[in-house]
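Structure file run_34.cif with mmCIF, C-alpha atoms:
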```
data_final
#
loop_
_atom_site.label_atom_id
_atom_site.label_comp_id
_atom_site.auth_asym_id
_atom_site.auth_seq_id
_atom_site.Cartn_x
_atom_site.Cartn_y
_atom_site.Cartn_z
CA MET C 1 -24.12 51.41 10.11
CA SER C 2 -20.78 52.98 10.75
CA GLY C 3 -18.43 50.13 11.65
CA THR C 4 -16.01 50.09 14.53
CA GLU C 5 -12.45 50.98 15.42
CA VAL C 6 -10.00 48.14 16.08
CA LYS C 7 -6.42 48.00 17.26
CA ALA C 8 -3.91 46.26 15.01
CA SER C 9 -0.24 45.33 15.14
CA VAL C 10 1.21 47.01 12.05
CA LEU C 11 4.65 46.45 10.51
CA ASN C 12 6.03 49.78 9.26
CA GLY C 13 9.58 48.65 8.54
CA ALA C 14 12.04 45.90 9.47
CA GLY C 15 11.47 45.16 13.16
CA ASP C 16 9.15 48.16 13.45
CA LEU C 17 5.82 46.92 14.83
CA ARG C 18 3.38 49.47 16.19
CA VAL C 19 -0.12 49.20 17.63
CA GLN C 20 -2.33 51.36 15.44
CA VAL C 21 -6.08 51.99 15.18
CA ARG C 22 -7.96 51.35 11.96
CA LYS C 23 -11.62 51.55 10.97
CA LEU C 24 -13.38 48.24 10.34
CA PRO C 25 -16.69 48.42 8.47
CA ASP C 26 -19.63 46.22 9.28
CA PRO C 27 -19.44 42.80 7.59
CA SER C 28 -20.91 42.62 4.10
CA ALA C 29 -23.61 40.13 3.10
CA ASP C 30 -21.11 37.32 2.49
CA GLU C 31 -18.83 38.03 5.48
CA VAL C 32 -18.72 37.52 9.21
CA GLN C 33 -16.78 39.61 11.70
CA VAL C 34 -14.39 37.57 13.82
CA ALA C 35 -12.65 38.59 17.04
CA ILE C 36 -9.22 37.01 16.59
CA GLN C 37 -8.10 35.19 19.71
CA ALA C 38 -5.33 32.78 18.67
CA THR C 39 -2.64 33.37 16.04
CA GLY C 40 0.48 31.27 15.54
CA LEU C 41 3.59 32.96 14.18
CA CYS C 42 4.87 31.47 10.93
CA GLY C 43 8.30 31.55 9.31
CA SER C 44 7.00 33.85 6.56
CA ASP C 45 5.73 36.29 9.21
CA LEU C 46 9.17 36.23 10.77
CA HIS C 47 10.88 37.01 7.44
CA TYR C 48 8.63 40.03 6.95
CA PHE C 49 9.24 41.17 10.52
CA ARG C 50 13.02 40.93 10.28
CA HIS C 51 13.59 42.10 6.69
CA PHE C 52 10.38 43.88 5.56
CA ARG C 53 10.35 41.36 2.75
CA ASN C 54 9.99 37.61 2.23
CA GLY C 55 12.47 36.41 -0.37
CA THR C 56 11.84 38.52 -3.46
CA ILE C 57 8.49 39.85 -2.18
CA GLU C 58 8.85 43.35 -0.76
CA VAL C 59 6.38 45.04 1.57
CA ARG C 60 5.00 48.14 -0.15
CA GLU C 61 2.68 49.50 2.53
CA PRO C 62 2.19 49.06 6.29
CA LEU C 63 1.27 45.43 6.86
CA THR C 64 -0.43 43.48 9.62
CA LEU C 65 1.10 40.01 9.91
CA GLY C 66 -0.45 36.71 11.00
CA HIS C 67 -2.42 34.03 9.17
CA GLU C 68 -2.54 30.94 11.41
CA SER C 69 -5.68 32.03 13.20
CA ALA C 70 -8.91 31.25 14.98
CA GLY C 71 -11.45 33.37 16.79
CA VAL C 72 -15.07 33.99 17.74
CA VAL C 73 -17.79 35.38 15.49
CA VAL C 74 -18.94 38.73 16.90
CA ALA C 75 -21.08 40.11 14.07
CA VAL C 76 -23.02 38.66 11.13
CA PRO C 77 -25.14 40.16 8.35
CA ALA C 78 -28.80 40.74 9.10
CA THR C 79 -29.92 37.66 7.16
CA GLY C 80 -28.60 34.56 5.48
CA SER C 81 -25.37 33.88 7.40
CA PRO C 82 -24.40 30.25 8.08
CA PHE C 83 -22.85 31.44 11.35
CA LYS C 84 -24.19 33.02 14.51
CA VAL C 85 -22.55 35.28 17.06
CA GLY C 86 -20.49 33.16 19.44
CA ASP C 87 -19.45 30.51 16.93
CA ARG C 88 -15.76 29.62 17.14
CA VAL C 89 -14.06 29.40 13.77
CA ALA C 90 -10.72 28.70 12.11
CA LEU C 91 -9.95 31.14 9.31
CA GLU C 92 -8.71 29.91 5.96
CA VAL C 93 -7.07 33.18 4.97
CA GLY C 94 -6.23 32.64 1.30
CA LEU C 95 -8.89 34.22 -0.91
CA PRO C 96 -8.70 32.96 -4.53
CA CYS C 97 -10.56 34.43 -7.49
CA GLU C 98 -12.83 31.32 -7.64
CA ASN C 99 -13.32 31.84 -11.39
CA CYS C 100 -10.13 30.65 -13.11
CA GLU C 101 -9.43 27.16 -14.40
CA LEU C 102 -7.23 26.31 -11.41
CA CYS C 103 -9.97 27.31 -8.99
CA ARG C 104 -12.54 25.27 -10.95
CA GLU C 105 -10.20 22.27 -10.72
CA GLY C 106 -9.98 22.67 -6.95
CA ARG C 107 -6.37 23.87 -7.00
CA TYR C 108 -7.23 27.30 -5.70
CA ASN C 109 -4.03 27.49 -3.66
CA ILE C 110 -2.10 28.29 -6.85
CA CYS C 111 -4.69 30.70 -8.25
CA ARG C 112 -2.88 33.60 -9.90
CA GLY C 113 -5.36 35.97 -8.33
CA MET C 114 -4.86 34.69 -4.78
CA ASN C 115 -5.04 37.31 -2.05
CA PHE C 116 -3.52 35.85 1.12
CA ARG C 117 -3.66 37.61 4.47
CA SER C 118 -0.24 38.80 5.74
CA SER C 119 1.38 38.32 2.32
CA ALA C 120 2.81 41.29 0.42
CA LYS C 121 2.58 39.52 -2.93
CA ALA C 122 -0.69 41.21 -3.91
CA PHE C 123 -1.17 44.97 -3.72
CA PRO C 124 -2.91 46.44 -1.85
CA HIS C 125 -1.77 43.84 0.70
CA ALA C 126 -4.32 41.62 2.40
CA GLN C 127 -3.95 42.57 6.04
CA GLY C 128 -3.20 39.73 8.45
CA THR C 129 -4.87 38.59 11.63
CA LEU C 130 -2.73 40.18 14.34
CA GLN C 131 -5.53 42.65 14.99
CA GLU C 132 -8.55 42.66 17.27
CA ARG C 133 -11.15 41.88 14.60
CA VAL C 134 -11.38 41.11 10.89
CA ASN C 135 -14.18 40.78 8.38
CA HIS C 136 -13.76 37.50 6.53
CA PRO C 137 -15.83 35.72 3.87
CA ALA C 138 -18.10 33.20 5.59
CA ARG C 139 -17.16 30.68 2.87
CA TRP C 140 -13.60 30.61 4.17
CA CYS C 141 -14.48 30.29 7.87
CA HIS C 142 -14.66 26.80 9.36
CA LYS C 143 -16.61 26.09 12.52
CA LEU C 144 -14.73 24.37 15.32
CA PRO C 145 -16.36 21.62 17.38
CA ASP C 146 -16.63 22.16 21.11
CA THR C 147 -13.91 19.59 21.74
CA LEU C 148 -11.24 21.71 20.06
CA SER C 149 -9.59 24.82 21.48
CA LEU C 150 -8.91 28.01 19.57
CA GLU C 151 -5.23 27.06 19.61
CA HIS C 152 -6.23 23.89 17.75
CA GLY C 153 -8.01 26.18 15.30
CA ALA C 154 -4.80 28.13 14.68
CA ILE C 155 -2.80 24.91 14.22
CA VAL C 156 -5.20 23.84 11.46
CA GLU C 157 -3.29 26.13 9.06
CA PRO C 158 0.18 24.50 9.30
CA LEU C 159 -1.47 21.09 9.63
CA SER C 160 -3.21 21.81 6.32
CA VAL C 161 0.19 22.40 4.70
CA ALA C 162 1.32 18.99 5.96
CA MET C 163 -1.85 17.20 4.89
CA HIS C 164 -1.76 18.79 1.44
CA ALA C 165 1.86 17.67 1.02
CA ARG C 166 1.03 14.16 2.22
CA ASP C 167 -1.95 13.88 -0.11
CA ARG C 168 0.11 15.07 -3.10
CA SER C 169 2.73 12.45 -2.25
CA GLY C 170 0.33 9.54 -2.64
CA LEU C 171 1.84 8.03 0.53
CA LYS C 172 0.96 4.36 0.90
CA SER C 173 0.38 2.56 4.17
CA GLY C 174 3.48 0.70 5.34
CA SER C 175 5.92 3.11 3.72
CA THR C 176 9.08 4.62 5.13
CA VAL C 177 9.01 8.41 5.40
CA LEU C 178 11.89 10.85 5.81
CA VAL C 179 11.28 14.40 7.06
CA LEU C 180 14.08 16.94 6.68
CA GLY C 181 13.56 19.83 9.09
CA ALA C 182 11.98 19.49 12.53
CA GLY C 183 10.15 22.81 12.73
CA ALA C 184 6.39 22.94 13.16
CA VAL C 185 5.58 22.04 9.54
CA GLY C 186 8.12 19.20 9.50
CA LEU C 187 6.71 17.79 12.73
CA LEU C 188 3.20 18.01 11.33
CA CYS C 189 4.32 16.26 8.11
CA ALA C 190 5.62 13.47 10.32
CA ALA C 191 2.33 13.36 12.24
CA ALA C 192 0.22 13.35 9.05
CA SER C 193 2.33 10.49 7.70
CA LYS C 194 1.83 8.41 10.84
CA VAL C 195 -1.94 8.91 10.63
CA ALA C 196 -1.81 7.74 6.99
CA GLY C 197 -0.16 4.49 8.06
CA ALA C 198 3.53 5.11 7.47
CA LYS C 199 5.49 2.21 8.91
CA THR C 200 8.53 4.25 9.92
CA VAL C 201 9.00 8.02 10.14
CA ILE C 202 12.53 9.41 10.41
CA ILE C 203 13.10 13.08 11.15
CA ALA C 204 16.39 14.94 10.69
CA ASP C 205 17.57 18.39 11.69
CA ILE C 206 20.81 20.12 12.64
CA LEU C 207 19.30 20.79 16.10
CA GLU C 208 19.45 17.75 18.37
CA ASP C 209 16.79 19.06 20.76
CA ARG C 210 14.25 19.30 17.96
CA VAL C 211 14.61 15.74 16.73
CA LYS C 212 14.59 14.47 20.33
CA PHE C 213 11.33 16.38 20.84
CA ALA C 214 9.89 14.66 17.76
CA VAL C 215 10.60 11.14 19.01
CA GLU C 216 9.79 11.79 22.67
CA ASN C 217 6.38 13.22 21.76
CA GLY C 218 5.36 10.62 19.21
CA PHE C 219 5.83 12.61 16.01
CA ALA C 220 8.57 10.33 14.64
CA ASP C 221 10.06 6.88 15.20
CA ALA C 222 13.72 7.76 14.70
CA ALA C 223 15.77 10.92 15.00
CA PHE C 224 18.96 11.97 13.26
CA THR C 225 21.02 15.03 14.08
CA VAL C 226 22.60 16.23 10.84
CA PRO C 227 26.32 16.93 11.35
CA ILE C 228 27.43 20.39 10.29
CA ALA C 229 30.27 20.04 7.82
CA SER C 230 33.56 21.62 8.83
CA PRO C 231 35.05 23.13 6.82
CA ARG C 232 31.92 24.16 4.97
CA PRO C 233 31.78 22.64 1.46
CA GLU C 234 32.47 25.25 -1.20
CA THR C 235 32.61 23.36 -4.52
CA ILE C 236 29.57 21.62 -5.96
CA GLU C 237 31.46 18.32 -5.79
CA ALA C 238 32.07 18.78 -2.06
CA LYS C 239 28.45 19.81 -1.46
CA LEU C 240 27.13 16.74 -3.28
CA ALA C 241 29.52 14.47 -1.38
CA TYR C 242 28.27 15.93 1.91
CA GLY C 243 24.62 15.40 0.92
CA GLN C 244 25.35 11.83 -0.12
CA ASP C 245 27.18 11.12 3.15
CA VAL C 246 24.24 12.36 5.20
CA ALA C 247 21.88 10.22 3.08
CA GLU C 248 23.97 7.10 3.71
CA LYS C 249 23.92 7.74 7.45
CA LEU C 250 20.15 8.16 7.37
CA LYS C 251 19.66 4.92 5.44
CA ALA C 252 21.79 3.06 7.98
CA LEU C 253 19.59 4.05 10.94
CA ARG C 254 17.81 1.37 12.96
CA VAL C 255 14.58 1.75 14.90
CA ASP C 256 13.84 0.25 18.33
CA GLY C 257 16.78 -2.10 18.33
CA SER C 258 15.95 -3.59 14.94
CA GLN C 259 18.80 -5.40 13.22
CA GLU C 260 17.61 -4.13 9.86
CA ALA C 261 18.58 -0.69 8.58
CA ILE C 262 15.77 1.67 7.60
CA GLY C 263 17.01 2.02 4.04
CA GLU C 264 15.61 4.47 1.51
CA ALA C 265 12.44 6.48 1.99
CA ALA C 266 9.38 6.11 -0.20
CA VAL C 267 8.48 9.73 0.46
CA THR C 268 10.75 12.53 1.65
CA PHE C 269 9.30 15.78 2.97
CA GLU C 270 11.89 18.52 2.47
CA CYS C 271 10.86 21.26 4.89
CA THR C 272 14.01 23.40 5.10
CA GLY C 273 14.54 24.97 1.68
CA VAL C 274 18.28 24.35 2.13
CA GLU C 275 20.22 23.18 -0.93
CA SER C 276 22.22 20.50 0.90
CA CYS C 277 18.96 19.03 2.25
CA MET C 278 17.65 18.70 -1.31
CA HIS C 279 20.84 16.85 -2.19
CA THR C 280 20.30 14.49 0.75
CA ALA C 281 16.66 14.04 -0.19
CA ILE C 282 17.53 12.90 -3.71
CA TYR C 283 20.14 10.43 -2.50
CA ALA C 284 17.97 9.10 0.37
CA THR C 285 14.75 8.50 -1.60
CA GLN C 286 14.06 5.11 -3.15
CA PRO C 287 13.56 4.46 -6.88
CA GLY C 288 10.06 5.57 -7.85
CA GLY C 289 9.77 7.64 -4.68
CA LYS C 290 8.74 11.25 -4.22
CA ILE C 291 10.35 14.33 -2.71
CA MET C 292 7.86 16.90 -1.50
CA ILE C 293 9.41 20.36 -1.78
CA ILE C 294 7.84 22.35 1.07
CA GLY C 295 10.63 24.53 2.45
CA MET C 296 10.85 28.06 1.06
CA GLY C 297 14.57 28.70 1.35
CA THR C 298 17.32 29.11 -1.23
CA PRO C 299 15.47 30.21 -4.41
CA VAL C 300 18.09 28.97 -6.90
CA GLN C 301 19.78 25.62 -6.25
CA THR C 302 22.19 23.28 -8.01
CA LEU C 303 20.83 19.72 -7.74
CA PRO C 304 21.99 16.24 -8.83
CA VAL C 305 19.09 15.94 -11.26
CA MET C 306 20.53 12.87 -13.00
CA ALA C 307 20.59 11.00 -9.70
CA ALA C 308 16.86 11.70 -9.37
CA SER C 309 16.16 10.92 -13.04
CA LEU C 310 17.93 7.53 -13.01
CA LYS C 311 15.73 6.47 -10.07
CA GLU C 312 12.59 8.15 -11.42
CA VAL C 313 12.34 10.11 -8.20
CA ASP C 314 9.68 12.78 -8.58
CA LEU C 315 10.36 16.29 -7.29
CA VAL C 316 6.93 17.63 -6.32
CA GLY C 317 6.24 21.24 -5.46
CA VAL C 318 3.98 22.05 -2.52
CA PHE C 319 2.46 25.49 -1.97
CA ARG C 320 0.17 26.08 0.97
CA TYR C 321 -2.95 23.88 0.74
CA ALA C 322 -6.34 23.36 -0.86
CA ASN C 323 -9.46 21.55 0.37
CA THR C 324 -7.81 20.53 3.63
CA TYR C 325 -9.28 22.71 6.38
CA ARG C 326 -12.36 20.62 7.10
CA LYS C 327 -10.34 17.42 6.91
CA ALA C 328 -7.73 18.85 9.31
CA ILE C 329 -10.41 19.91 11.81
CA ASP C 330 -12.07 16.50 11.59
CA LEU C 331 -8.71 14.79 12.17
CA LEU C 332 -7.96 16.90 15.25
CA ALA C 333 -11.42 16.13 16.64
CA SER C 334 -11.28 12.42 15.82
CA GLY C 335 -9.12 11.27 18.71
CA ASP C 336 -7.09 9.17 16.26
CA PRO C 337 -4.57 7.29 18.43
CA LEU C 338 -1.90 7.65 15.73
CA LEU C 339 -2.04 11.44 15.93
CA PRO C 340 0.36 12.96 18.48
CA ASP C 341 -0.78 15.82 20.70
CA VAL C 342 -0.26 18.75 18.33
CA ARG C 343 -0.74 21.34 21.08
CA LYS C 344 2.69 20.32 22.35
CA LEU C 345 4.05 22.20 19.34
CA VAL C 346 3.02 25.45 21.06
CA THR C 347 6.08 26.06 23.17
CA GLN C 348 5.63 29.76 24.00
CA ARG C 349 2.51 31.88 24.50
CA PHE C 350 2.15 35.67 24.59
CA LYS C 351 -0.93 37.69 25.44
CA GLY C 352 -2.09 40.98 23.93
CA LEU C 353 -1.07 43.26 21.08
CA GLY C 354 1.64 44.95 23.12
CA ASN C 355 3.63 41.72 23.48
CA ILE C 356 3.72 40.85 19.78
CA PRO C 357 7.22 42.33 19.18
CA ILE C 358 8.55 40.15 22.04
CA ALA C 359 6.72 37.17 20.53
CA PHE C 360 8.49 37.73 17.20
CA ASP C 361 11.87 38.11 18.91
CA THR C 362 11.24 34.78 20.64
CA ALA C 363 10.12 33.06 17.43
CA ALA C 364 13.49 33.95 15.88
CA LYS C 365 15.38 32.01 18.56
CA VAL C 366 16.28 28.36 18.96
CA LYS C 367 15.60 28.58 22.70
CA ASP C 368 13.86 31.20 24.78
CA GLU C 369 15.28 33.11 27.77
CA LYS C 370 14.41 30.20 30.07
CA GLY C 371 16.35 27.79 27.89
CA ASP C 372 13.20 26.11 26.55
CA LEU C 373 13.02 24.93 22.96
CA VAL C 374 11.14 27.24 20.57
CA ILE C 375 8.91 25.52 18.02
CA LYS C 376 5.63 27.42 17.69
CA VAL C 377 4.89 30.77 19.28
CA MET C 378 1.19 31.54 19.83
CA VAL C 379 -0.34 34.95 20.44
CA ASP C 380 -3.57 35.29 22.41
CA MET C 381 -5.05 38.58 21.19
CA ARG C 382 -7.21 39.11 24.24
CA GLU C 383 -5.79 41.83 26.53
#
```
Written form, structure tokens:
Amino acid sequence: MSGTEVKASVLNGAGDLRVQVRKLPDPSADEVQVAIQATGLCGSDLHYFRHFRNGTIEVREPLTLGHESAGVVVAVPATGSPFKVGDRVALEVGLPCENCELCREGRYNICRGMNFRSSAKAFPHAQGTLQERVNHPARWCHKLPDTLSLEHGAIVEPLSVAMHARDRSGLKSGSTVLVLGAGAVGLLCAAASKVAGAKTVIIADILEDRVKFAVENGFADAAFTVPIASPRPETIEAKLAYGQDVAEKLKALRVDGSQEAIGEAAVTFECTGVESCMHTAIYATQPGGKIMIIGMGTPVQTLPVMAASLKEVDLVGVFRYANTYRKAIDLLASGDPLLPDVRKLVTQRFKGLGNIPIAFDTAAKVKDEKGDLVIKVMVDMRE
């Protein structure tokens, strides 16, 4: 069997996306071939697109982006596959070694041998899903129920990040939650917290439209627009004072006309990667609380560690997800009344390989050309 030719969107340099043809072999005994139909654009994809790197990770060969994906099975091995042609699946695109101690413990997301589609960390790079078809291990494909769309299947990936963060936080029912950053992952952290029984969810961002969106669509109970300091703090003392001031304003918020201030958060999800937001998180989190470090922003930060230590506030790293895909699919299919409509996160849609550069340009904006808020851009790969 000779395989097939597929078209792929390939990044050849910063901002240089081209549609190219590559040869795709027939799926091996442990794989299925999936026609990709829905892919959401992630912040890491956008970094690669704009800079040909993501932080310290440089692209070293032409790279297909995309990892928030779902599609339809179009080919299976001759025998033994758990899938059949026509099955709709969400792709869990991180492929760990499955042999190391971390993998055996179930923490495969931090496997040192991880090969993650659309990431340039491993070489050769694992090509992403912005292509017509991919061969993917059947073990890491998750069947979607008929009640869920392929867009739901693509949203499973960022929802998994949120659920993994929530589970690592040990969030208790009745708690107060603070989310810093109202992008897609921040909104999904808020949603995951509400499903887990959080009493109050506050979301903060420098963009007023984003936090309004969160409250109006049921992702959060209270919104706070973070004031941009002017002049910008330059000394560490000024930066810490700014972070503390924002924290005090957050703690003073009231929800639904309540006479009682919200106070400190039991769990804070820091989804921006911005140093000043980490400062605010430490000052706004209650003694014994947890700060979930999700945002991949400033790599080296100066933090008020003693302020965290004196309150025994735990700073907890979060990287991708593990053992969440099936749970995320089940949650989306459950009809849980506490879960907001996550498809509202998809604010712009583009169709076909040829429109992917425009999709990336849109994803980099706060608002699109029509003046509509940009949260999650989705690409439908069908021409």
### Output of the PyMOL selection byres ((chain C and resi 96-106) around 12), listed as a PyMOL selection string
chain C and resi 92-95+107-117+122+126+137+139-140+321-324
### Message
So that I can see what lies close to stretch 150-156 of chain C, please list as a PyMOL selection string the residues with an atom at most 7 Å from it, counting all atoms listed in the file and leaving out residues fewer than 3 positions away in the same chain.
### Response
chain C and resi 38-40+68-71+90+144+159-160+325+328-329+343
### Message
If the PyMOL selection byres ((chain C and resi 47-50) around 9) were run on this exact file, what residues would it hold? Put them as a VMD selection string.
### Response
chain C and resid 11 13 to 17 42 to 46 51 to 55 58 to 59 65 119 to 120 357 360 364
With the cut-off set at 8 Å and counting only C-alpha atoms, tabulate each residue of stretch 137-195 of chain C with an atom at most that distance from an atom of stretch 280-302 of chain C, showing the nearest atom pair and its distance in Å to one decimal, ordered by chain and increasing number, as a tab-separated table.
```
residue	atom	partner	partner_atom	distance
C:Ala165	CA	C:Met292	CA	6.6
C:Ser169	CA	C:Lys290	CA	6.4
C:Leu180	CA	C:Ala281	CA	7.9
```
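One finds atom CA of C:Val377 at 5.9 Å from atom CA of C:Val346.
For the atom pair formed by atom CA of C:Val85 and atom CA of C:Phe350, the distance is 25.8 Å, given to one decimal.
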### the PyMOL selection byres ((chain C and resi 77-84) around 10) applied to the shown file, residues as a PyMOL selection string
chain C and resi 26-33+72-76+85-89+138-139+141-143
Next, write the just-selected residues to a file, as a short mmCIF file (atom, residue, chain, number, x, y, z; two decimals), in the frame of the given file, keeping C-alpha atoms as the atom set.
```
data_model
loop_
_atom_site.label_atom_id
_atom_site.label_comp_id
_atom_site.auth_asym_id
_atom_site.auth_seq_id
_atom_site.Cartn_x
_atom_site.Cartn_y
_atom_site.Cartn_z
CA ASP C 26 -19.63 46.22 9.28
CA PRO C 27 -19.44 42.80 7.59
CA SER C 28 -20.91 42.62 4.10
CA ALA C 29 -23.61 40.13 3.10
CA ASP C 30 -21.11 37.32 2.49
CA GLU C 31 -18.83 38.03 5.48
CA VAL C 32 -18.72 37.52 9.21
CA GLN C 33 -16.78 39.61 11.70
CA VAL C 72 -15.07 33.99 17.74
CA VAL C 73 -17.79 35.38 15.49
CA VAL C 74 -18.94 38.73 16.90
CA ALA C 75 -21.08 40.11 14.07
CA VAL C 76 -23.02 38.66 11.13
CA VAL C 85 -22.55 35.28 17.06
CA GLY C 86 -20.49 33.16 19.44
CA ASP C 87 -19.45 30.51 16.93
CA ARG C 88 -15.76 29.62 17.14
CA VAL C 89 -14.06 29.40 13.77
CA ALA C 138 -18.10 33.20 5.59
CA ARG C 139 -17.16 30.68 2.87
CA CYS C 141 -14.48 30.29 7.87
CA HIS C 142 -14.66 26.80 9.36
CA LYS C 143 -16.61 26.09 12.52
#
```
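Atom CA of C:Asp372 sits 27.1 Å away from atom CA of C:Pro337.
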Skip C:Val134 itself and residues of its chain fewer than 3 positions away, then list as a PDB file with C-alpha atoms, in the coordinates of the input all residues within 8 Å of it, counting all atoms listed in the file.
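The file below, part-v6.pdb, is the result:
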```
ATOM      1  CA  LEU C  24     -13.380  48.240  10.340  1.00  0.00           C
ATOM      2  CA  GLN C  33     -16.780  39.610  11.700  1.00  0.00           C
ATOM      3  CA  VAL C  34     -14.390  37.570  13.820  1.00  0.00           C
ATOM      4  CA  ALA C  35     -12.650  38.590  17.040  1.00  0.00           C
ATOM      5  CA  ILE C  36      -9.220  37.010  16.590  1.00  0.00           C
ATOM      6  CA  THR C 129      -4.870  38.590  11.630  1.00  0.00           C
ATOM      7  CA  GLN C 131      -5.530  42.650  14.990  1.00  0.00           C
TER       8      GLN C 131
END
```
### Message
Counting all atoms listed in the file, which residue out of C:Leu187, C:Val179, C:Leu41, C:Ala265 sits closest to C:Met378?
### Response
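Closest to C:Met378 of all the choices is C:Leu41.
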Can you pull out the residues contacting C:Val161? Cut-off 8 Å, using all atoms listed in the file, and skip same-chain residues under 2 positions away; I want them as a PDB file with C-alpha atoms, in the coordinates of the input.
```
ATOM      1  CA  GLU C 157      -3.290  26.130   9.060  1.00  0.00           C
ATOM      2  CA  PRO C 158       0.180  24.500   9.300  1.00  0.00           C
ATOM      3  CA  LEU C 159      -1.470  21.090   9.630  1.00  0.00           C
ATOM      4  CA  MET C 163      -1.850  17.200   4.890  1.00  0.00           C
ATOM      5  CA  HIS C 164      -1.760  18.790   1.440  1.00  0.00           C
ATOM      6  CA  ALA C 165       1.860  17.670   1.020  1.00  0.00           C
ATOM      7  CA  VAL C 185       5.580  22.040   9.540  1.00  0.00           C
ATOM      8  CA  PHE C 319       2.460  25.490  -1.970  1.00  0.00           C
ATOM      9  CA  ARG C 320       0.170  26.080   0.970  1.00  0.00           C
ATOM     10  CA  TYR C 321      -2.950  23.880   0.740  1.00  0.00           C
TER      11      TYR C 321
END
```
### Task
Show which residues sit within 12 Å of C:Pro231, as a count of residues only. Count all atoms listed in the file, and ignore same-chain residues fewer than 5 positions away.
3
Centre and edge lengths of an axis-aligned box around all listed atoms of stretch 291-297 of chain C, with 3 Å added on each side, are to be given in Å to one decimal, as JSON.
```
{"center_x": 11.2, "center_y": 21.5, "center_z": -0.1, "size_x": 12.7, "size_y": 20.4, "size_z": 11.2}
```
### Task
Find the residues around C:Ala191 up to 12 Å (only C-alpha atoms counted), leave out those fewer than 5 positions away in its own chain, and share them as a PyMOL selection string.
chain C and resi 158-163+166+177-179+182+184-186+196-198+200-203+214-215+217-221+269+328+331-332+336-342+345
### Message
I'd like to know which of C:Gly257, C:Arg18, C:Gln348, C:Lys23 is closest to C:Lys370, using all atoms listed in the file.
### Response
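Counting all atoms listed in the file, the residue closest to C:Lys370 is C:Gln348.
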